[in-house]
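Comments concern the structure below.
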Amino acid sequence: MKASSGRPNQTATPRGRTLHTMVFNGNGPLGVPKGLSVTSPLLEIATLEKAHVSSGYYGSKVKTYPTQKYPHQYRPDAEPSRVAKITSLFAADEKTKELESIIALKTRQILRLQKEAKNLMQIQQQQAKTIASTYDDARELEDKLHSTEQRQRVDERTMHALQEKLNEVTAQYNRLLSKHISGGESSPPPVGPGTTTIGAKLKAGGLPVMGRSSSQRAFSEPIAGSVRSEASPFITERRASVDSIEDLRPASLNLRPVVEFLSAVVPMEPKDTNVFGLLGSELCKLLAATRATVYILDRHRGELLHRTTRPKDSKYFRISVGDGLTGIAAATGIAVRCLAPMRDARFNSAVDDRSGLKPSSILCYPVHLSDHKVVGVLQLLSLHRPFTTDDEEILRNVERGVANVMANYLLHQHLRKEIKKHRRLTEACQLISAELDIGSLSATISTRAAAVLKAESCLLYLIDGGSKELCLISTDREEHRFGLDRGIVGHVACTGNDIIVHDAAGEPLFDPEVDQAGDKPTRSLICSPIKNTAEDILGVVVMMNKKQGFFNDNDLEMLHSLNTQVFDALSNAELFHKTLSGFNAALITQQKYQSLLEVAELLSSQLDEDELINFVMKRAREMVNSERCSLFLVDHTRELLVSKVAEGTEAEIKFPISVGIAGHVATTGETLNIIDAYKDPRFNEAVDKQTGFQTNSILCMPIYNEKSEEIIGVTQLINKRGGLFTKEDEEVLRAFSIFCGIALRNAALYKQAIQSQHKTKALLDVAVALSSETNIQPLLRSIMKHARRLVKADRFSLFMLDPDNKELRSQVAEGTEEIRLPMHDGIVGYVASTGEEVNVADAYKDPRFNPVIDRKTGYHTKSVLCLPIRNGDGDVIAVTQMINKREGAFHQEDTQLLKAFAAFAEKSLASVKTIPQASPQAKRSYMVNPKFVPTDDDRRQVLQYDFDVWNYTHEGLIRCVIAMFEHFDLINTFAVPYDRLINFLTELSATYREVPYHNFFHAIDVTQTVFYFLVAASSLSTIFSPVEILAILVAALCHDVDHGGVNNAYHVKAQTPLALLYKDMSVLETHHCSRAITMLSETENDIFSGLTDQQYSLVWKVMISSILATDMSLHFNLVGKFEALVDKGSFDVEELDHRKLLASMLLKCGDISNVCKPFGIARRWAEILCSEFFMQGDLEKAKGLELSPLMDRSNVVIPQMQLGFINLICAPLFKLLSTFMPDLVITLDTLKSNAAEWSKILQKGMATPRHMQPSAGAAAKAAALPVSLAPPKA
């Protein structure tokens, strides 16, 4: 069977399945099975190799088993007038001119596309400039952010400097205080109108007033520790001169305790948490009191605070001003001395006697500042003595010192709070300024601003200037909009005034929908506007529910600071958003132009219509960002829209041209942008129901022909992501629709040129056959075979009229025996009786169709093209018929082609006087040739483990394969045509080369071993489905097809064309897959024609993965994966990948199973393998290549090589196989036995067989081998 060099670039099954992704190189295309994903190099080399097969390159001619030999060969000098007459019918000159015009048109299109590409490049350069300016804007934004951070650092340095200034002033104050206390002894000041001695001052009622400057009240650092270090020498000096001071005091006052008290109190540090306890202890010493408690006045709360003396329980005890004796002293500012407190009505034990001492006397002394304001109260309790006026006098003398301690403590606490608040404010400002997204900014403001002001919640509102509404910006709530007249927030947004509300429920402006955060009731709030530099109001920040107390002016000042930062952050976010949007827009535009440029370049280099259209539509979908895309072609003859691209479904979609959105566009030429498809009455819901997809929005527009006069298709984008289709999307799709139109026109022109070439060649072949063939039936078969290929039909037939018997007799009927029909029966009878042409798209819907033959043969007829053949008088003498167009239905061009071949048939039949009788081969053409019918012995032998292929001829091996198929009932299960099975096996036998080892005998040996595995291991037949068993057996048959006798290592070292084409990756295995695809894609060899689409795809997946797994470089990786499944017990029969891996392991075991066959068979295979190895070694020496291991005939010891191969490769593999399938333990047992035999031979010594020894002409023979190793350059 010769390989055709002019087949069209698509093949099909009887079901009309089209095999796409072809490559045409001028010699012939290759069909690839549907559902199979293979690499482009695989297709290219398959195409290239097919061309080489047709040219006789592969070293041996293709063997066939013809039903009849043709003794006559064509001679150029035979009947020259007849040949010239027939050739003149073709008008070769007109065809040449037509092809030249097509080439000229293509050249103009390429020039136009190049011009468009230049324009696109210019646009792209302009866009690059836009992107550069966008980058500049982004850098400007970064500089602005950097300057903001610098200002914050300057503010922090300023605060630090002011803090140091406060420390310096405080230290100076402490030095003056210490000097004032202790300086009287060394240099007493003169007595005059403005001064007095210390004793005089004490007598007058106290120490000098020690006031505070405003700067001391403003900053937060407590009195420094230097106070204690500087005060100590002065205190020591004062104690040394107590006697001199006592001379000045009145007789009733002892100054020593006072001085000691002041010496202890003045150094006290306000940051000490136990300062109250220390002060109380010193008071007890001073006045001999049982207990002394120090209270600080909190004017805001109207409470007296006392901090407990226990460090672990550092909490405040609070009493209200006016409550008890202590509270009365704080309220009146007058000391309260009670000698019988238990009987005093003002006494409150919970306040005045918390410890339960039941004192006999209480003294509550208010401590005043220099401005006569009460700062605290000293509570003294005594159990043994009553307090006197002298005690009050002493306290009056130490009051200033105590007041300073209290004032320092309050100042320290206040500044600590201010510092914490400032830190929280600074941190909040930093975080707010760092946010560039509005949503994230809102969340940051809400959390950080609330933390700074100690509020429960915070909301950010922005004013929409267009709609005059308040827009709540939040990440955890849905967007809400309110009018500017709503609530307190709306009032602030309109007036620009700040508002502090202590009772929200009583505020008339309060609106809970606006002024309340969620379900939390608003008690108090503070609200402030966000303004820009022009004092325009941009938004409002509102804080709700202060955690302690109420919002005050300090909170408002802090909120103003925050709002300033919020405005900067909003400005930055807006600028960033604009910059980012501009950048994204520029990037999208650049991508659009880039995509258009890619499509334009592809138009000038790609002629595959399917690949080009899919690429264009995919680019359109990506650019518009839609979910799916589709393209429908208009069939004006049948008034249908047929899907060319339909994402989401593999089935072809057809519907009338007047139906749906696409139909409306195809008939009117309008561009439709549908927002809601289901609300449009033109929308066709049938496609959604068929695919299970939900269509929302649609953008649909027409594709025009070259002159923009006729609509040839419709493009459609479905469901825009993130919104609706825009005008810009329409422009993008319009551009891509133009490209689709160009692609369709180019493909049509290319297809016409190819078809013209095929037609010319086919007609010439028929003309040659007419001049050389004398036997009518082979001549008619040749004519109809060429016609079938051109019209892309699955089967053909030709009937002659028998007027005498009033019946039709088949002269050529593919797939069945001789057919005899009544003259008026069926479509053929209708054409014979009426002389009309019949083109039926669905035969079973035509009442003229007779299904009897379908039922008899098991074939299913879909489409039929039937034409009459007339003689010179115009009478119908025969009928020709084509069945099942591979791509839809037959069209007018097919009719014209068939008419041309019918004319040749008429010339052949013109000389026939009587109707030829069908030959015996024709009568049983549907049956198997007897020499290929399996015998009972064949069926028994294939079930044996010791099956020996060397006992059979090629025909016998084919019988064995058929016996294997029959065992699993594969022929009947999958309706495998016997004629195609025989054709496939005979062509496969011829395609295997005559090399020592990797030949047809090896292929059948591997197939029988795999077959034995499937039969012997009963569980395998439950793991694999019948279609997977079919795939495994066919993979075993094809796994080494067209092997050249050298391994992958040689191809890579020699850099043969195969190695270059497959990039040194599994060179031979990929080549075997390619050759299998080529053979099985031929209609005559298509044994898969009875499979469904899913079965068809599964067969090829299992076949290709299994054949590729025979690459020994992948051995350890594949075995490791399978071993992991076996060890873990995780093999899952429901997992396709697991079953594919098991199939690969079975074929691997079968491929190297020679070593575990009975030793006599194993030894013969080992010698044959080594002979092929040594031939490669001789070739490598002749080519000057590095000699591969095991290929040097002078150094290899066969037993040693076999033992090494068994131990390293075979033993672990077959042990794993027998572990997974215990029924196959015979392989491991035989392997062990063979290893022992090889060891014995190795010990005895084994000479190299004579036929394997090097000869003098070995190098010369090796030098001639490359002719069969790889195809030459095209």
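Convention: chains lettered A, B, ... in structure tokens order; per-chain residue numbering from 1; ligands numbered from 1 as shown.
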
Near-stretch 323-329 of chain A list (8 Å; only C-alpha atoms; drop same-chain fewer than 6 positions) as a JSON list (two decimals) with N, CA and C atoms, in the first residue's frame:
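That gives us part-v9.json:
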```
[["chain", "number", "residue", "atom", "x", "y", "z"],
["A", 304, "LEU", "N", -11.34, 62.44, 95.12],
["A", 304, "LEU", "CA", -10.03, 62.34, 95.75],
["A", 304, "LEU", "C", -9.47, 60.95, 95.45],
["A", 335, "ALA", "N", -8.88, 72.90, 107.19],
["A", 335, "ALA", "CA", -8.52, 71.71, 107.93],
["A", 335, "ALA", "C", -9.65, 71.31, 108.86],
["A", 336, "VAL", "N", -9.84, 70.00, 108.96],
["A", 336, "VAL", "CA", -10.88, 69.43, 109.84],
["A", 336, "VAL", "C", -10.17, 68.57, 110.87],
["A", 346, "ARG", "N", -20.40, 63.90, 110.66],
["A", 346, "ARG", "CA", -19.74, 64.03, 109.37],
["A", 346, "ARG", "C", -18.85, 62.83, 109.06],
["A", 347, "PHE", "N", -18.55, 62.05, 110.09],
["A", 347, "PHE", "CA", -17.64, 60.92, 109.95],
["A", 347, "PHE", "C", -18.27, 59.84, 109.07],
["A", 348, "ASN", "N", -17.49, 59.32, 108.15],
["A", 348, "ASN", "CA", -17.91, 58.21, 107.25],
["A", 348, "ASN", "C", -16.80, 57.17, 107.30],
["A", 349, "SER", "N", -17.14, 56.05, 107.93],
["A", 349, "SER", "CA", -16.10, 55.03, 108.15],
["A", 349, "SER", "C", -15.55, 54.48, 106.83],
["A", 351, "VAL", "N", -14.89, 56.11, 104.27],
["A", 351, "VAL", "CA", -13.95, 57.08, 103.72],
["A", 351, "VAL", "C", -12.85, 57.41, 104.71],
["A", 352, "ASP", "N", -13.26, 57.71, 105.95],
["A", 352, "ASP", "CA", -12.32, 58.19, 106.95],
["A", 352, "ASP", "C", -11.63, 57.09, 107.73],
["A", 364, "CYS", "N", -7.72, 66.09, 109.09],
["A", 364, "CYS", "CA", -7.75, 66.14, 107.62],
["A", 364, "CYS", "C", -7.31, 67.53, 107.20],
["A", 365, "TYR", "N", -6.13, 67.58, 106.56],
["A", 365, "TYR", "CA", -5.54, 68.88, 106.25],
["A", 365, "TYR", "C", -5.50, 69.03, 104.72],
["A", 366, "PRO", "N", -6.18, 70.11, 104.21],
["A", 366, "PRO", "CA", -6.11, 70.35, 102.75],
["A", 366, "PRO", "C", -4.79, 70.98, 102.36],
["A", 377, "VAL", "N", -5.42, 66.25, 99.98],
["A", 377, "VAL", "CA", -5.77, 66.22, 101.40],
["A", 377, "VAL", "C", -4.87, 65.21, 102.09],
["A", 379, "GLN", "N", -4.73, 62.90, 105.28],
["A", 379, "GLN", "CA", -5.60, 62.31, 106.31],
["A", 379, "GLN", "C", -4.73, 61.58, 107.32]]
```

Task: Within 8 Å of A:Arg993 using only C-alpha atoms, minus same-chain residues under 2 positions, as a list in words - done: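 The residues that qualify are Gly59, Ser60, Ala990, Thr991, Val995, His998, Asn999, Phe1000, Val1041, Asp1042, His1043 and Gly1044 of chain A.
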
Kindly export the residues of the current selection with N, CA and C atoms, as a CSV table (one decimal), in the first residue's frame.
```
chain,number,residue,atom,x,y,z
A,59,GLY,N,14.3,2.6,3.5
A,59,GLY,CA,15.1,1.4,3.3
A,59,GLY,C,14.5,0.2,2.8
A,60,SER,N,13.2,0.1,2.9
A,60,SER,CA,12.5,-1.1,2.3
A,60,SER,C,11.2,-0.7,1.8
A,990,ALA,N,5.1,-4.5,7.1
A,990,ALA,CA,6.1,-3.9,6.1
A,990,ALA,C,6.8,-2.7,6.6
A,991,THR,N,6.2,-2.0,7.6
A,991,THR,CA,6.9,-0.8,8.1
A,991,THR,C,8.0,-1.1,9.1
A,995,VAL,N,15.8,-5.4,10.5
A,995,VAL,CA,17.0,-5.4,11.4
A,995,VAL,C,17.0,-6.6,12.2
A,998,HIS,N,15.0,-5.4,16.5
A,998,HIS,CA,13.7,-4.6,16.6
A,998,HIS,C,13.0,-4.7,15.3
A,999,ASN,N,12.4,-5.9,15.0
A,999,ASN,CA,11.7,-6.1,13.8
A,999,ASN,C,10.2,-6.6,14.1
A,1000,PHE,N,9.5,-7.0,13.1
A,1000,PHE,CA,8.1,-7.4,13.3
A,1000,PHE,C,8.0,-8.6,14.2
A,1041,VAL,N,7.8,0.3,15.9
A,1041,VAL,CA,7.7,0.4,14.5
A,1041,VAL,C,8.7,1.3,13.9
A,1042,ASP,N,9.2,0.9,12.7
A,1042,ASP,CA,10.2,1.7,12.0
A,1042,ASP,C,11.5,1.9,12.8
A,1043,HIS,N,11.9,1.0,13.6
A,1043,HIS,CA,13.1,1.1,14.4
A,1043,HIS,C,14.3,0.8,13.4
A,1044,GLY,N,15.3,1.7,13.5
A,1044,GLY,CA,16.4,1.6,12.5
A,1044,GLY,C,17.6,0.7,13.0
```

Task: One-decimal distance in Å that lies between atom CA of A:Leu570 and atom CA of A:Val452 - done: 19.4 Å

TODO: Identify all residues of stretch 357-433 of chain A in helix (DSSP H, G or I) (DSSP on the backbone) and supply them as a PyMOL selection string.
DONE: chain A and resi 389-433

May I have the selected residues written with C-alpha atoms, as an mmCIF file, in the first residue's frame?
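Output below, filename selection.cif:
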```cif
data_model
loop_
_atom_site.group_PDB
_atom_site.id
_atom_site.type_symbol
_atom_site.label_atom_id
_atom_site.label_comp_id
_atom_site.auth_asym_id
_atom_site.auth_seq_id
_atom_site.Cartn_x
_atom_site.Cartn_y
_atom_site.Cartn_z
ATOM 1 C CA THR A 389 -3.348 73.240 116.664
ATOM 2 C CA ASP A 390 0.411 72.763 116.830
ATOM 3 C CA ASP A 391 -0.005 69.787 114.517
ATOM 4 C CA GLU A 392 -1.912 71.998 112.139
ATOM 5 C CA GLU A 393 0.863 74.597 112.418
ATOM 6 C CA ILE A 394 3.478 72.010 111.560
ATOM 7 C CA LEU A 395 1.478 70.876 108.568
ATOM 8 C CA ARG A 396 1.083 74.478 107.512
ATOM 9 C CA ASN A 397 4.875 74.863 107.561
ATOM 10 C CA VAL A 398 5.453 71.725 105.443
ATOM 11 C CA GLU A 399 2.427 72.348 103.203
ATOM 12 C CA ARG A 400 4.436 73.928 100.420
ATOM 13 C CA GLY A 401 6.818 71.014 100.231
ATOM 14 C CA VAL A 402 3.978 68.509 100.178
ATOM 15 C CA ALA A 403 2.117 70.641 97.642
ATOM 16 C CA ASN A 404 5.150 70.559 95.361
ATOM 17 C CA VAL A 405 5.360 66.767 95.612
ATOM 18 C CA MET A 406 1.674 66.481 94.767
ATOM 19 C CA ALA A 407 1.922 69.004 91.950
ATOM 20 C CA ASN A 408 4.946 67.184 90.536
ATOM 21 C CA TYR A 409 3.060 63.902 90.691
ATOM 22 C CA LEU A 410 0.026 65.363 88.914
ATOM 23 C CA LEU A 411 2.259 67.003 86.345
ATOM 24 C CA HIS A 412 4.103 63.724 85.822
ATOM 25 C CA GLN A 413 0.866 61.790 85.360
ATOM 26 C CA HIS A 414 -0.500 64.406 82.997
ATOM 27 C CA LEU A 415 2.646 64.434 80.877
ATOM 28 C CA ARG A 416 2.749 60.648 80.767
ATOM 29 C CA LYS A 417 -0.734 60.654 79.353
ATOM 30 C CA GLU A 418 0.205 63.362 76.874
ATOM 31 C CA ILE A 419 3.290 61.452 75.733
ATOM 32 C CA LYS A 420 1.311 58.248 75.258
ATOM 33 C CA LYS A 421 -1.339 60.166 73.384
ATOM 34 C CA HIS A 422 1.314 61.844 71.243
ATOM 35 C CA ARG A 423 2.908 58.486 70.461
ATOM 36 C CA ARG A 424 -0.434 56.998 69.500
ATOM 37 C CA LEU A 425 -1.106 60.039 67.360
ATOM 38 C CA THR A 426 2.294 59.803 65.647
ATOM 39 C CA GLU A 427 1.880 56.079 65.028
ATOM 40 C CA ALA A 428 -1.627 56.619 63.684
ATOM 41 C CA CYS A 429 -0.421 59.391 61.368
ATOM 42 C CA GLN A 430 2.390 57.204 60.056
ATOM 43 C CA LEU A 431 0.047 54.310 59.346
ATOM 44 C CA ILE A 432 -2.575 56.565 57.783
ATOM 45 C CA SER A 433 -0.038 58.258 55.524
#
```

Task: Residue neighbourhood A:Gly660, 7 Å, only C-alpha atoms, exclusion window fewer than 5 positions, as a VMD selection string - done: chain A and resid 682 to 684

Write the residues you've just listed into a file as a compact mmCIF listing (two decimals), in the first residue's frame, and include N, CA, C and O atoms for each of them.
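Output file result_16.txt follows:
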```txt
# COMPACT_ATOMS: atom_id res chain seq x y z
N ARG A 682 -34.46 37.92 21.34
CA ARG A 682 -33.73 37.26 20.27
C ARG A 682 -32.78 36.17 20.77
O ARG A 682 -32.25 35.39 19.99
N PHE A 683 -32.53 36.14 22.08
CA PHE A 683 -31.56 35.20 22.63
C PHE A 683 -32.07 33.76 22.55
O PHE A 683 -33.23 33.48 22.85
N ASN A 684 -31.19 32.85 22.13
CA ASN A 684 -31.52 31.43 22.00
C ASN A 684 -30.97 30.69 23.21
O ASN A 684 -29.75 30.54 23.36
```
